[in-house]
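Enquirer: This one is upload_37.txt, compact mmCIF, C-alpha atoms and all ligand atoms.
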# COMPACT_ATOMS: atom_id res chain seq x y z
CA ALA A 1 -12.66 -12.71 -7.84
CA SER A 2 -9.88 -10.22 -8.41
CA GLN A 3 -9.07 -9.29 -11.96
CA LYS A 4 -5.75 -10.26 -13.40
CA PHE A 5 -5.13 -6.76 -14.74
CA ARG A 6 -6.11 -3.81 -12.65
CA ASN A 7 -8.63 -1.43 -14.16
CA PHE A 8 -7.18 1.72 -12.78
CA PRO A 9 -9.17 4.92 -12.20
CA MET A 10 -7.50 8.20 -13.12
CA VAL A 11 -8.35 11.75 -12.23
CA PRO A 12 -10.73 12.63 -15.08
CA ARG A 13 -10.10 16.37 -15.01
CA VAL A 14 -7.03 18.39 -14.19
CA VAL A 15 -6.06 22.03 -14.57
CA PHE A 16 -2.40 23.04 -14.51
CA GLY A 17 -0.93 26.50 -14.33
CA ASN A 18 0.28 29.33 -12.14
CA GLY A 19 -2.78 31.21 -10.92
CA SER A 20 -5.19 28.46 -12.03
CA PHE A 21 -6.65 28.36 -8.51
CA ASP A 22 -8.81 31.30 -9.53
CA GLN A 23 -10.74 29.06 -11.93
CA LEU A 24 -12.10 27.05 -9.01
CA GLY A 25 -15.29 29.12 -8.74
CA ASP A 26 -16.24 28.47 -12.36
CA ILE A 27 -15.42 24.79 -12.08
CA LEU A 28 -17.60 24.35 -9.00
CA LEU A 29 -20.49 26.31 -10.48
CA THR A 30 -21.27 23.51 -12.93
CA LYS A 31 -21.31 21.00 -10.08
CA ARG A 32 -23.62 22.83 -7.70
CA LYS A 33 -26.80 20.83 -7.15
CA SER A 34 -28.76 23.64 -5.49
CA SER A 35 -28.21 26.62 -3.24
CA ASP A 36 -28.87 24.33 -0.25
CA ALA A 37 -26.27 21.78 -1.31
CA PRO A 38 -23.04 23.46 -0.26
CA PHE A 39 -19.44 22.98 -1.15
CA ILE A 40 -17.36 22.19 1.91
CA PHE A 41 -13.77 23.42 1.72
CA LEU A 42 -11.35 21.54 3.93
CA VAL A 43 -8.34 23.83 4.12
CA ASP A 44 -4.95 23.53 5.82
CA ASP A 45 -5.01 26.01 8.68
CA VAL A 46 -1.70 27.58 7.60
CA PHE A 47 -3.90 29.48 5.14
CA GLU A 48 -6.28 30.88 7.74
CA ASN A 49 -4.81 34.36 7.65
CA SER A 50 -3.58 34.27 4.08
CA ASN A 51 -4.65 35.77 0.83
CA LEU A 52 -5.66 32.29 -0.36
CA HIS A 53 -8.45 32.31 2.22
CA SER A 54 -10.09 35.29 0.55
CA ARG A 55 -9.72 33.67 -2.90
CA ILE A 56 -11.81 30.62 -1.96
CA PRO A 57 -15.03 30.94 -4.02
CA ARG A 58 -17.51 30.54 -1.18
CA ILE A 59 -21.16 31.29 -1.98
CA PHE A 60 -24.61 30.35 -0.63
CA SER A 61 -24.26 28.05 2.36
CA ASP A 62 -20.74 26.89 1.54
CA GLN A 63 -18.46 26.31 4.49
CA ILE A 64 -14.71 26.60 4.97
CA ILE A 65 -13.31 24.30 7.64
CA PHE A 66 -9.70 24.96 8.62
CA ILE A 67 -7.82 21.90 9.75
CA SER A 68 -4.33 21.53 11.19
CA ALA A 69 -1.91 19.26 9.35
CA ASP A 70 0.26 18.85 12.44
CA GLU A 71 -0.98 15.31 12.78
CA GLU A 72 -1.75 12.83 10.04
CA PRO A 73 -5.43 12.16 9.32
CA LYS A 74 -7.30 9.79 11.58
CA THR A 75 -10.38 7.67 11.01
CA GLN A 76 -12.15 9.27 14.02
CA GLN A 77 -11.39 12.73 12.62
CA VAL A 78 -13.02 11.75 9.33
CA ASP A 79 -16.06 10.36 11.16
CA ALA A 80 -16.41 13.57 13.19
CA LEU A 81 -16.19 15.76 10.10
CA VAL A 82 -18.81 13.69 8.30
CA ARG A 83 -21.15 13.89 11.32
CA LYS A 84 -20.65 17.63 11.57
CA ILE A 85 -21.38 18.17 7.86
CA LYS A 86 -24.48 15.92 7.97
CA GLU A 87 -25.80 17.72 11.04
CA SER A 88 -25.31 21.16 9.53
CA TYR A 89 -27.28 20.67 6.31
CA LEU A 90 -30.52 19.13 5.15
CA GLU A 91 -29.07 18.31 1.77
CA MET A 92 -26.00 16.32 0.89
CA PRO A 93 -23.12 18.64 -0.08
CA SER A 94 -22.54 19.31 -3.76
CA GLY A 95 -18.94 18.41 -3.10
CA ILE A 96 -15.81 18.48 -0.96
CA VAL A 97 -12.72 20.52 -1.84
CA GLY A 98 -9.43 19.67 -0.13
CA ILE A 99 -6.78 22.40 -0.12
CA GLY A 100 -3.39 21.59 1.40
CA GLY A 101 -0.79 18.84 1.48
CA GLY A 102 -1.26 15.08 1.62
CA THR A 103 -2.97 15.43 4.98
CA LEU A 104 -5.78 17.67 3.72
CA LEU A 105 -6.06 15.86 0.39
CA ASP A 106 -6.48 12.55 2.17
CA LEU A 107 -9.05 14.01 4.55
CA ALA A 108 -11.07 15.39 1.65
CA LYS A 109 -11.04 12.03 -0.13
CA ALA A 110 -12.09 10.15 2.99
CA VAL A 111 -14.87 12.61 3.90
CA ALA A 112 -16.24 12.41 0.35
CA ILE A 113 -16.37 8.61 0.61
CA LEU A 114 -17.92 8.49 4.07
CA LEU A 115 -20.63 11.01 3.25
CA ASN A 116 -22.09 8.39 0.92
CA ASN A 117 -21.11 5.21 2.77
CA THR A 118 -22.42 4.13 6.17
CA GLY A 119 -20.31 3.34 9.22
CA SER A 120 -16.83 4.48 10.18
CA ALA A 121 -13.86 5.29 7.99
CA ALA A 122 -12.06 2.46 9.79
CA ASP A 123 -14.48 -0.04 8.19
CA TYR A 124 -13.11 0.83 4.78
CA GLN A 125 -9.36 0.71 5.46
CA GLY A 126 -8.06 -1.91 3.10
CA TRP A 127 -8.57 -2.76 -0.55
CA ASP A 128 -11.81 -2.27 -2.46
CA LEU A 129 -14.17 -2.22 0.49
CA VAL A 130 -16.05 0.88 -0.69
CA HIS A 131 -19.14 0.01 -2.71
CA ARG A 132 -20.96 3.29 -3.15
CA GLU A 133 -19.70 6.21 -5.15
CA SER A 134 -18.30 9.10 -3.15
CA VAL A 135 -19.49 12.70 -3.20
CA TYR A 136 -17.85 14.84 -5.94
CA HIS A 137 -14.44 15.86 -4.63
CA VAL A 138 -11.69 18.22 -5.73
CA GLY A 139 -8.03 18.14 -4.69
CA ILE A 140 -5.80 21.21 -4.69
CA PRO A 141 -2.25 20.50 -3.50
CA THR A 142 -0.28 23.29 -1.82
CA ILE A 143 2.92 21.28 -1.36
CA SER A 144 4.36 18.77 -3.81
CA GLY A 145 5.54 15.20 -3.39
CA THR A 146 3.04 12.74 -1.98
CA GLY A 147 1.14 12.05 -5.18
CA ALA A 148 -2.03 12.04 -3.06
CA GLU A 149 -3.56 14.31 -5.69
CA VAL A 150 -3.54 11.46 -8.19
CA SER A 151 -3.66 8.25 -6.15
CA ARG A 152 -6.59 5.93 -5.45
CA THR A 153 -5.87 5.80 -1.74
CA THR A 154 -6.34 7.91 1.36
CA VAL A 155 -4.01 6.94 4.17
CA LEU A 156 -5.60 7.05 7.62
CA LEU A 157 -4.44 6.31 11.13
CA GLY A 158 -7.10 4.05 12.61
CA PRO A 159 -7.54 2.52 16.06
CA GLU A 160 -5.64 -0.58 15.00
CA ARG A 161 -3.60 0.32 12.01
CA LYS A 162 -2.33 2.89 9.61
CA LEU A 163 -3.77 1.89 6.29
CA GLY A 164 -5.29 3.42 3.20
CA ILE A 165 -8.84 3.30 1.93
CA ASN A 166 -7.88 1.99 -1.50
CA SER A 167 -10.82 2.13 -3.85
CA ASP A 168 -12.01 3.27 -7.24
CA TYR A 169 -14.11 5.92 -5.48
CA THR A 170 -11.16 7.46 -3.63
CA THR A 171 -9.61 9.19 -6.64
CA PHE A 172 -10.42 12.88 -7.06
CA ASP A 173 -12.98 13.96 -9.68
CA GLN A 174 -11.06 17.14 -10.32
CA VAL A 175 -7.56 18.35 -9.47
CA ILE A 176 -6.18 21.85 -9.72
CA LEU A 177 -2.41 22.02 -9.99
CA ASP A 178 -1.37 25.59 -9.27
CA PRO A 179 2.35 25.60 -8.44
CA GLU A 180 2.10 29.14 -7.03
CA LEU A 181 0.21 27.73 -4.05
CA THR A 182 3.42 26.00 -2.92
CA LYS A 183 5.32 29.27 -2.52
CA GLY A 184 5.20 29.47 1.28
CA VAL A 185 6.32 25.94 2.08
CA PRO A 186 9.17 25.93 4.65
CA LYS A 187 12.43 24.57 3.27
CA GLU A 188 12.70 21.43 5.42
CA GLN A 189 9.10 20.48 4.71
CA TRP A 190 9.71 21.11 1.00
CA PHE A 191 12.58 18.65 1.19
CA TYR A 192 10.78 15.94 3.21
CA THR A 193 7.65 15.95 1.08
CA GLY A 194 9.73 16.22 -2.11
CA MET A 195 11.76 13.21 -0.99
CA ASP A 196 8.51 11.28 -0.64
CA CYS A 197 8.25 11.62 -4.40
CA PHE A 198 11.91 10.74 -4.95
CA ILE A 199 11.49 7.64 -2.78
CA HIS A 200 8.31 6.64 -4.65
CA CYS A 201 10.41 6.64 -7.81
CA ILE A 202 13.30 4.66 -6.35
CA GLU A 203 11.01 2.08 -4.79
CA SER A 204 8.91 1.70 -7.89
CA LEU A 205 11.82 1.56 -10.36
CA ASN A 206 13.73 -0.96 -8.23
CA GLY A 207 10.76 -3.15 -7.40
CA THR A 208 9.86 -6.58 -8.72
CA TYR A 209 6.42 -5.28 -9.75
CA LEU A 210 7.96 -2.89 -12.27
CA ASN A 211 6.35 -2.76 -15.69
CA ALA A 212 6.48 -0.37 -18.66
CA PHE A 213 3.53 1.66 -17.36
CA SER A 214 5.14 2.34 -13.99
CA GLN A 215 8.59 2.73 -15.44
CA SER A 216 7.56 5.41 -17.89
CA TYR A 217 6.08 7.59 -15.15
CA GLY A 218 8.76 6.71 -12.60
CA GLU A 219 11.66 7.61 -14.85
CA LYS A 220 10.11 10.96 -15.72
CA ALA A 221 9.41 11.73 -12.07
CA LEU A 222 12.94 10.74 -11.09
CA ASP A 223 14.47 13.00 -13.75
CA LEU A 224 12.33 15.89 -12.53
CA CYS A 225 13.34 15.25 -8.91
CA LYS A 226 17.01 15.28 -9.88
CA GLU A 227 16.55 18.59 -11.67
CA VAL A 228 14.69 20.12 -8.76
CA PHE A 229 16.97 18.90 -5.98
CA LEU A 230 20.38 18.77 -7.69
CA ASP A 231 20.34 21.55 -10.28
CA ASP A 232 19.88 25.24 -9.58
CA LEU A 233 16.56 25.93 -11.24
CA PRO A 234 14.79 29.27 -11.00
CA ASP A 235 12.16 29.10 -8.23
CA LYS A 236 9.17 29.10 -10.52
CA GLU A 237 10.53 26.35 -12.76
CA SER A 238 11.44 24.34 -9.70
CA ARG A 239 7.90 24.62 -8.29
CA ASN A 240 6.35 23.69 -11.63
CA LYS A 241 8.60 20.68 -12.04
CA LEU A 242 8.17 19.36 -8.52
CA MET A 243 4.40 19.51 -8.88
CA MET A 244 4.61 17.44 -12.06
CA ALA A 245 7.15 15.08 -10.44
CA SER A 246 4.66 14.41 -7.66
CA TRP A 247 1.96 13.62 -10.21
CA HIS A 248 4.15 11.25 -12.21
CA GLY A 249 5.54 9.61 -9.08
CA GLY A 250 1.99 8.92 -7.94
CA MET A 251 1.12 7.48 -11.34
CA SER A 252 4.20 5.28 -11.20
CA ILE A 253 3.30 3.58 -7.91
CA ALA A 254 -0.33 3.25 -8.94
CA TYR A 255 0.60 0.38 -11.21
CA SER A 256 3.37 -0.99 -9.02
CA GLN A 257 4.02 -0.50 -5.32
CA VAL A 258 6.30 1.27 -2.89
CA GLY A 259 8.96 -0.58 -0.92
CA VAL A 260 11.23 -0.84 2.10
CA ALA A 261 11.28 2.81 3.21
CA HIS A 262 7.51 3.10 3.11
CA ALA A 263 6.93 -0.16 4.98
CA MET A 264 9.28 0.93 7.77
CA SER A 265 8.05 4.52 7.76
CA TYR A 266 4.53 3.26 8.45
CA GLY A 267 5.90 1.70 11.64
CA LEU A 268 7.46 5.00 12.72
CA GLY A 269 4.22 6.81 11.93
CA TYR A 270 2.06 4.42 13.91
CA GLN A 271 4.32 4.13 16.95
CA LEU A 272 5.81 7.63 17.18
CA GLY A 273 3.51 9.84 15.12
CA ILE A 274 6.37 10.68 12.77
CA LYS A 275 5.01 12.13 9.58
CA HIS A 276 5.22 10.34 6.28
CA GLY A 277 7.82 12.48 4.48
CA LEU A 278 10.23 12.77 7.39
CA GLY A 279 9.71 9.11 8.31
CA ASN A 280 10.62 8.03 4.79
CA CYS A 281 13.82 10.10 4.91
CA LEU A 282 14.77 8.76 8.35
CA VAL A 283 14.50 5.20 7.07
CA PHE A 284 15.80 5.72 3.56
CA GLN A 285 19.19 7.09 4.65
CA HIS A 286 19.95 3.62 6.09
CA LEU A 287 18.79 1.57 3.10
CA GLY A 288 22.03 1.49 1.12
CA GLU A 289 21.94 -2.32 0.93
CA PHE A 290 18.51 -2.23 -0.77
CA TYR A 291 18.75 0.94 -2.85
CA PRO A 292 22.49 1.69 -3.26
CA GLU A 293 22.20 4.24 -6.08
CA GLY A 294 19.14 5.88 -4.61
CA VAL A 295 20.82 6.45 -1.26
CA VAL A 296 23.87 8.02 -2.93
CA ILE A 297 21.62 10.52 -4.75
CA PHE A 298 19.60 11.11 -1.60
CA ASP A 299 22.78 12.03 0.29
CA GLN A 300 23.79 14.43 -2.50
CA MET A 301 20.41 16.12 -2.32
CA ARG A 302 20.48 16.30 1.47
CA ASN A 303 23.96 17.79 1.48
CA LYS A 304 23.17 20.30 -1.25
CA HIS A 305 20.24 21.64 0.74
CA LYS A 306 21.97 21.27 4.12
CA ILE A 307 19.17 19.22 5.61
CA GLN A 308 19.98 17.76 9.03
CA LEU A 309 17.76 14.80 9.79
CA PRO A 310 16.89 14.40 13.46
CA LYS A 311 18.82 11.70 15.33
CA GLY A 312 18.12 9.37 18.21
CA ILE A 313 14.45 8.94 17.31
CA CYS A 314 14.36 5.32 18.43
CA ALA A 315 16.84 5.69 21.29
CA THR A 316 14.27 5.58 24.09
CA LEU A 317 12.04 2.84 22.71
CA ASN A 318 11.57 -0.35 24.71
CA ASP A 319 11.16 -3.92 23.42
CA ASN A 320 7.39 -3.60 23.20
CA ASP A 321 7.63 -0.46 21.12
CA PHE A 322 10.06 -2.10 18.73
CA GLU A 323 7.80 -5.13 18.43
CA THR A 324 4.78 -3.02 17.55
CA MET A 325 6.73 -1.02 14.99
CA ILE A 326 8.21 -4.16 13.45
CA SER A 327 4.86 -5.90 13.23
CA ILE A 328 3.26 -2.87 11.57
CA ALA A 329 6.12 -2.73 9.06
CA MET A 330 6.17 -6.48 8.38
CA GLY A 331 2.42 -6.42 7.86
CA MET A 332 2.87 -4.40 4.67
CA GLU A 333 3.30 -7.57 2.64
CA PRO A 334 2.78 -6.18 -0.89
CA LEU A 335 5.47 -3.56 -0.24
CA TRP A 336 8.00 -6.20 0.78
CA GLU A 337 7.05 -8.45 -2.05
CA ASN A 338 7.53 -5.60 -4.48
CA ALA A 339 10.86 -4.67 -2.92
CA LEU A 340 12.39 -8.11 -2.59
CA GLY A 341 10.25 -10.67 -4.39
CA PRO A 342 8.15 -13.55 -3.07
CA ASN A 343 10.89 -14.85 -0.77
CA TRP A 344 11.23 -11.55 1.09
CA LYS A 345 10.81 -13.25 4.46
CA SER A 346 14.21 -14.87 4.07
CA VAL A 347 15.81 -11.41 4.10
CA ILE A 348 13.43 -9.38 6.26
CA THR A 349 13.27 -10.71 9.79
CA PRO A 350 12.26 -8.89 12.97
CA ALA A 351 15.94 -8.79 13.96
CA LYS A 352 16.85 -7.20 10.63
CA LEU A 353 14.23 -4.50 10.99
CA ARG A 354 15.21 -3.84 14.56
CA SER A 355 18.82 -3.29 13.53
CA ILE A 356 17.71 -0.67 11.00
CA TYR A 357 15.29 1.05 13.39
CA ARG A 358 18.06 1.21 16.01
CA LYS A 359 20.14 3.41 13.69
CA ILE A 360 17.34 5.99 13.41
P1 LIG B 401 1.20 17.75 5.07
O1 LIG B 401 -0.08 17.85 4.35
O2 LIG B 401 1.18 16.97 6.34
O3 LIG B 401 1.78 19.18 5.31
C1 LIG B 401 3.08 19.34 5.85
C2 LIG B 401 3.26 20.71 6.42
O4 LIG B 401 3.35 21.65 5.37
C3 LIG B 401 2.11 21.14 7.30
O5 LIG B 401 2.63 21.82 8.41
C4 LIG B 401 1.33 22.09 6.40
O6 LIG B 401 0.62 23.03 7.16
C5 LIG B 401 2.45 22.73 5.60
N1 LIG B 401 2.06 23.31 4.33
C6 LIG B 401 1.40 22.74 3.30
N2 LIG B 401 1.29 23.59 2.26
C7 LIG B 401 1.89 24.73 2.65
C8 LIG B 401 2.12 25.99 2.02
N3 LIG B 401 1.75 26.22 0.74
N4 LIG B 401 2.75 26.95 2.72
C9 LIG B 401 3.18 26.72 3.98
N5 LIG B 401 3.01 25.56 4.62
C10 LIG B 401 2.38 24.58 3.96
O7 LIG B 401 2.36 17.13 4.17
P2 LIG B 401 2.51 16.12 3.01
O8 LIG B 401 3.88 15.61 3.12
O9 LIG B 401 2.06 16.71 1.74
O10 LIG B 401 1.47 14.98 3.34
C11 LIG B 401 1.71 13.95 4.26
C12 LIG B 401 0.48 13.10 4.34
O11 LIG B 401 0.20 12.57 3.04
C13 LIG B 401 0.57 11.93 5.26
O12 LIG B 401 -0.60 11.87 6.04
C14 LIG B 401 0.66 10.73 4.35
O13 LIG B 401 0.10 9.56 4.90
C15 LIG B 401 -0.13 11.19 3.18
N6 LIG B 401 0.21 10.54 1.91
C16 LIG B 401 -0.83 10.13 1.14
C17 LIG B 401 -0.59 9.52 -0.06
C18 LIG B 401 -1.75 9.09 -0.90
O14 LIG B 401 -1.55 8.56 -1.97
N7 LIG B 401 -2.97 9.30 -0.48
C19 LIG B 401 0.70 9.33 -0.52
C20 LIG B 401 1.75 9.75 0.28
C21 LIG B 401 1.49 10.36 1.49
ZN ZN B 402 4.95 8.15 0.14
Translate the structure described by the file into structure tokens.
Expert:
Amino acid sequence: ASQKFRNFPMVPRVVFGNGSFDQLGDILLTKRKSSDAPFIFLVDDVFENSNLHSRIPRIFSDQIIFISADEEPKTQQVDALVRKIKESYLEMPSGIVGIGGGTLLDLAKAVAILLNNTGSAADYQGWDLVHRESVYHVGIPTISGTGAEVSRTTVLLGPERKLGINSDYTTFDQVILDPELTKGVPKEQWFYTGMDCFIHCIESLNGTYLNAFSQSYGEKALDLCKEVFLDDLPDKESRNKLMMASWHGGMSIAYSQVGVAHAMSYGLGYQLGIKHGLGNCLVFQHLGEFYPEGVVIFDQMRNKHKIQLPKGICATLNDNDFETMISIAMGMEPLWENALGPNWKSVITPAKLRSIYRKI
């Protein structure tokens, strides 16, 4: 039976500070089980030829696996990584360290779960299906916005659906927040992933699930987003604040839910492979009837940073494509219920969603 009040896991340990990445070696040392139980570093391949690569504290039989974030994480990719790690070592790893954006953080969480749980990652997509503790895992974000560093989910594209593994064992055991790591992020990507955080705030603060817990984090995150994207902060302050906005935004939706933009963005992601941050922006620009104030601020931010969103994304889709996208979006029931209340189906019909998708 589900509990009336959710007993929510938090990241038990977090380091914050510019340059704090260099404490990783010391942190891992206390968690090493033996010299044959390696740490596996899953690292965004943008860092392959960077100075960060040489700063990764690899010793003994540790392994660095570079992974592209060009596509969002898939259940089969998680299964393959787990197989590869199990085949390479006699002992279970001491832990998994994910270094990168939401893509790498989610992969690290999922691999840590599947190392200790039988079957495929796809078996665990859903809510509270994981029953065995995951391997110790550390998250180190290199781009800010998703809140994946703090959330209890890892969003995976499976054979049948795009859905998170939501569980108490998903949350990281340790997070290192080093804003300096976000220095090289390209401007458009900075905006899209940052807007993921902004949209988390808008959807949480305007949802029917709102409560004082979510509101307190959501309001703080929203204020930080406004500072970062509307004021002219010095670069370092801006990086620091966006990293904390991401954290608070993630905390805000933990105890509430996201809404319309996320539900529809999931459809775009599943059908067209459009990534989460961009997908949210593509949808959100057309959501003035649901989030009037949020869309006004979004437009101000977009104009200030001269971001041109791509157009005509859905222009070549046929009826079947629209139907798939609409059914994926409409399947996100808790998101709609949060956004519009229990009678959401009286507002959100397939025709309504199609009319919004057509504008994208
Ligand atoms: P990402 O991880 O996909 O990375 C986006 C791009 O930025 C990539 O090209 C990556 O190589 C690049 N990049 C990252 N750090 C960089 C750096 N320091 N310098 C230069 N380039 C850098 O982007 P994201 O928006 O952080 O994550 C999106 C993913 O997060 C999606 O898969 C989405 O489903 C997931 N997500 C998860 C949660 C959660 O709670 N688990 C929440 C929201 C989104
Ligand atoms: Zn999001």
Enquirer: Taking all atoms listed in the file into account, which residues are within 6 Å of ligand LIG 401 (chain B), as a PyMOL selection string?
Expert: chain A and resi 44+46+69-70+72-73+100-104+106+142-143+146-148+151+153-155+181-185+189+193+276-277
Enquirer: Counting only C-alpha atoms and all ligand atoms, figure out which residue out of A:Leu287, A:Ala261, A:Ile307, A:Ile27 gets nearest to ligand ZN 402 (chain B).
Expert: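 Using only C-alpha atoms and all ligand atoms, the shortest distance to ligand ZN 402 (chain B) belongs to A:Ala261.
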Enquirer: Just give me the gap between CA of Asp36 in chain A and CA of Gly98 in chain A in Å, one decimal is fine.
Expert: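 Computing the Euclidean distance for CA of Asp36 in chain A and CA of Gly98 in chain A yields 20.0 Å.
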Enquirer: Rounded to one decimal place, report the CA of Phe298 in chain A-CA of Asn280 in chain A distance in Å.
Expert: 11.4 Å
Enquirer: Point out the residue among A:Ala221, A:Glu337, A:Arg354, A:Leu233 with the least atom-to-atom distance to Asn318 in chain A, counting only C-alpha atoms.
Expert: A:Arg354
Enquirer: Would you list the contacts of range 343-345 of chain A as a list of chain:residue names, taking every protein, DNA or RNA residue within 12 Å and counting all atoms listed in the file, but skipping same-chain residues closer than 3 positions in sequence?
Expert: A:Gly207, A:Thr208, A:Gly259, A:Val260, A:Phe290, A:Met330, A:Gly331, A:Met332, A:Glu333, A:Pro334, A:Leu335, A:Trp336, A:Glu337, A:Asn338, A:Ala339, A:Leu340, A:Ile348, A:Thr349, A:Pro350, A:Ala351, A:Lys352, A:Leu353
Enquirer: For Ile67 in chain A, which residue among A:Leu42, A:Ala108, A:Ala329, A:Ala315 is the nearest when counting only C-alpha atoms?
Expert: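 Result for the nearest residue to Ile67 in chain A: A:Leu42.
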Enquirer: Which residue is closest to Glu188 in chain A? Choose from A:Leu309, A:Met251, A:Leu29, A:Val283 and count all atoms listed in the file.
Expert: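 The answer is A:Leu309, which sits nearest to Glu188 in chain A.
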Enquirer: Do you know which residues are at most 8 Å from range 294-296 of chain A counting only C-alpha atoms, after dropping those on the same chain fewer than 4 positions away, and could you put them as a short mmCIF file (atom, residue, chain, number, x, y, z; two decimals) with C-alpha atoms, keeping the file's coordinate frame?
Expert:
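result-v4.cif was written with the following content:
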data_model
loop_
_atom_site.label_atom_id
_atom_site.label_comp_id
_atom_site.auth_asym_id
_atom_site.auth_seq_id
_atom_site.Cartn_x
_atom_site.Cartn_y
_atom_site.Cartn_z
CA ILE A 202 13.30 4.66 -6.35
CA PHE A 284 15.80 5.72 3.56
CA GLN A 285 19.19 7.09 4.65
CA HIS A 286 19.95 3.62 6.09
CA LEU A 287 18.79 1.57 3.10
CA GLY A 288 22.03 1.49 1.12
CA GLN A 300 23.79 14.43 -2.50
#
Enquirer: Return the single residue from A:Gly139, A:Gly25, A:Gly19, A:Pro179 that is closest to Glu237 in chain A, with distances computed using only C-alpha atoms.
Expert: A:Pro179
Enquirer: Quick one: of A:Met195, A:Leu282, A:Ile274, A:Met92, who's nearest to ligand ZN 402 (chain B), counting all atoms listed in the file?
Expert: A:Met195
Enquirer: Could you state the separation of CA of Pro12 in chain A and CA of Ile176 in chain A in Å, given to one decimal place?
Expert: 11.6 Å
Enquirer: For range 74-77 of chain A, please output as a ChimeraX atom specification all residues within 9 Å (counting only C-alpha atoms; exclusion window: fewer than 5 positions along the same chain).
Expert: /A:82,107,110,120-122,125,155-159,162
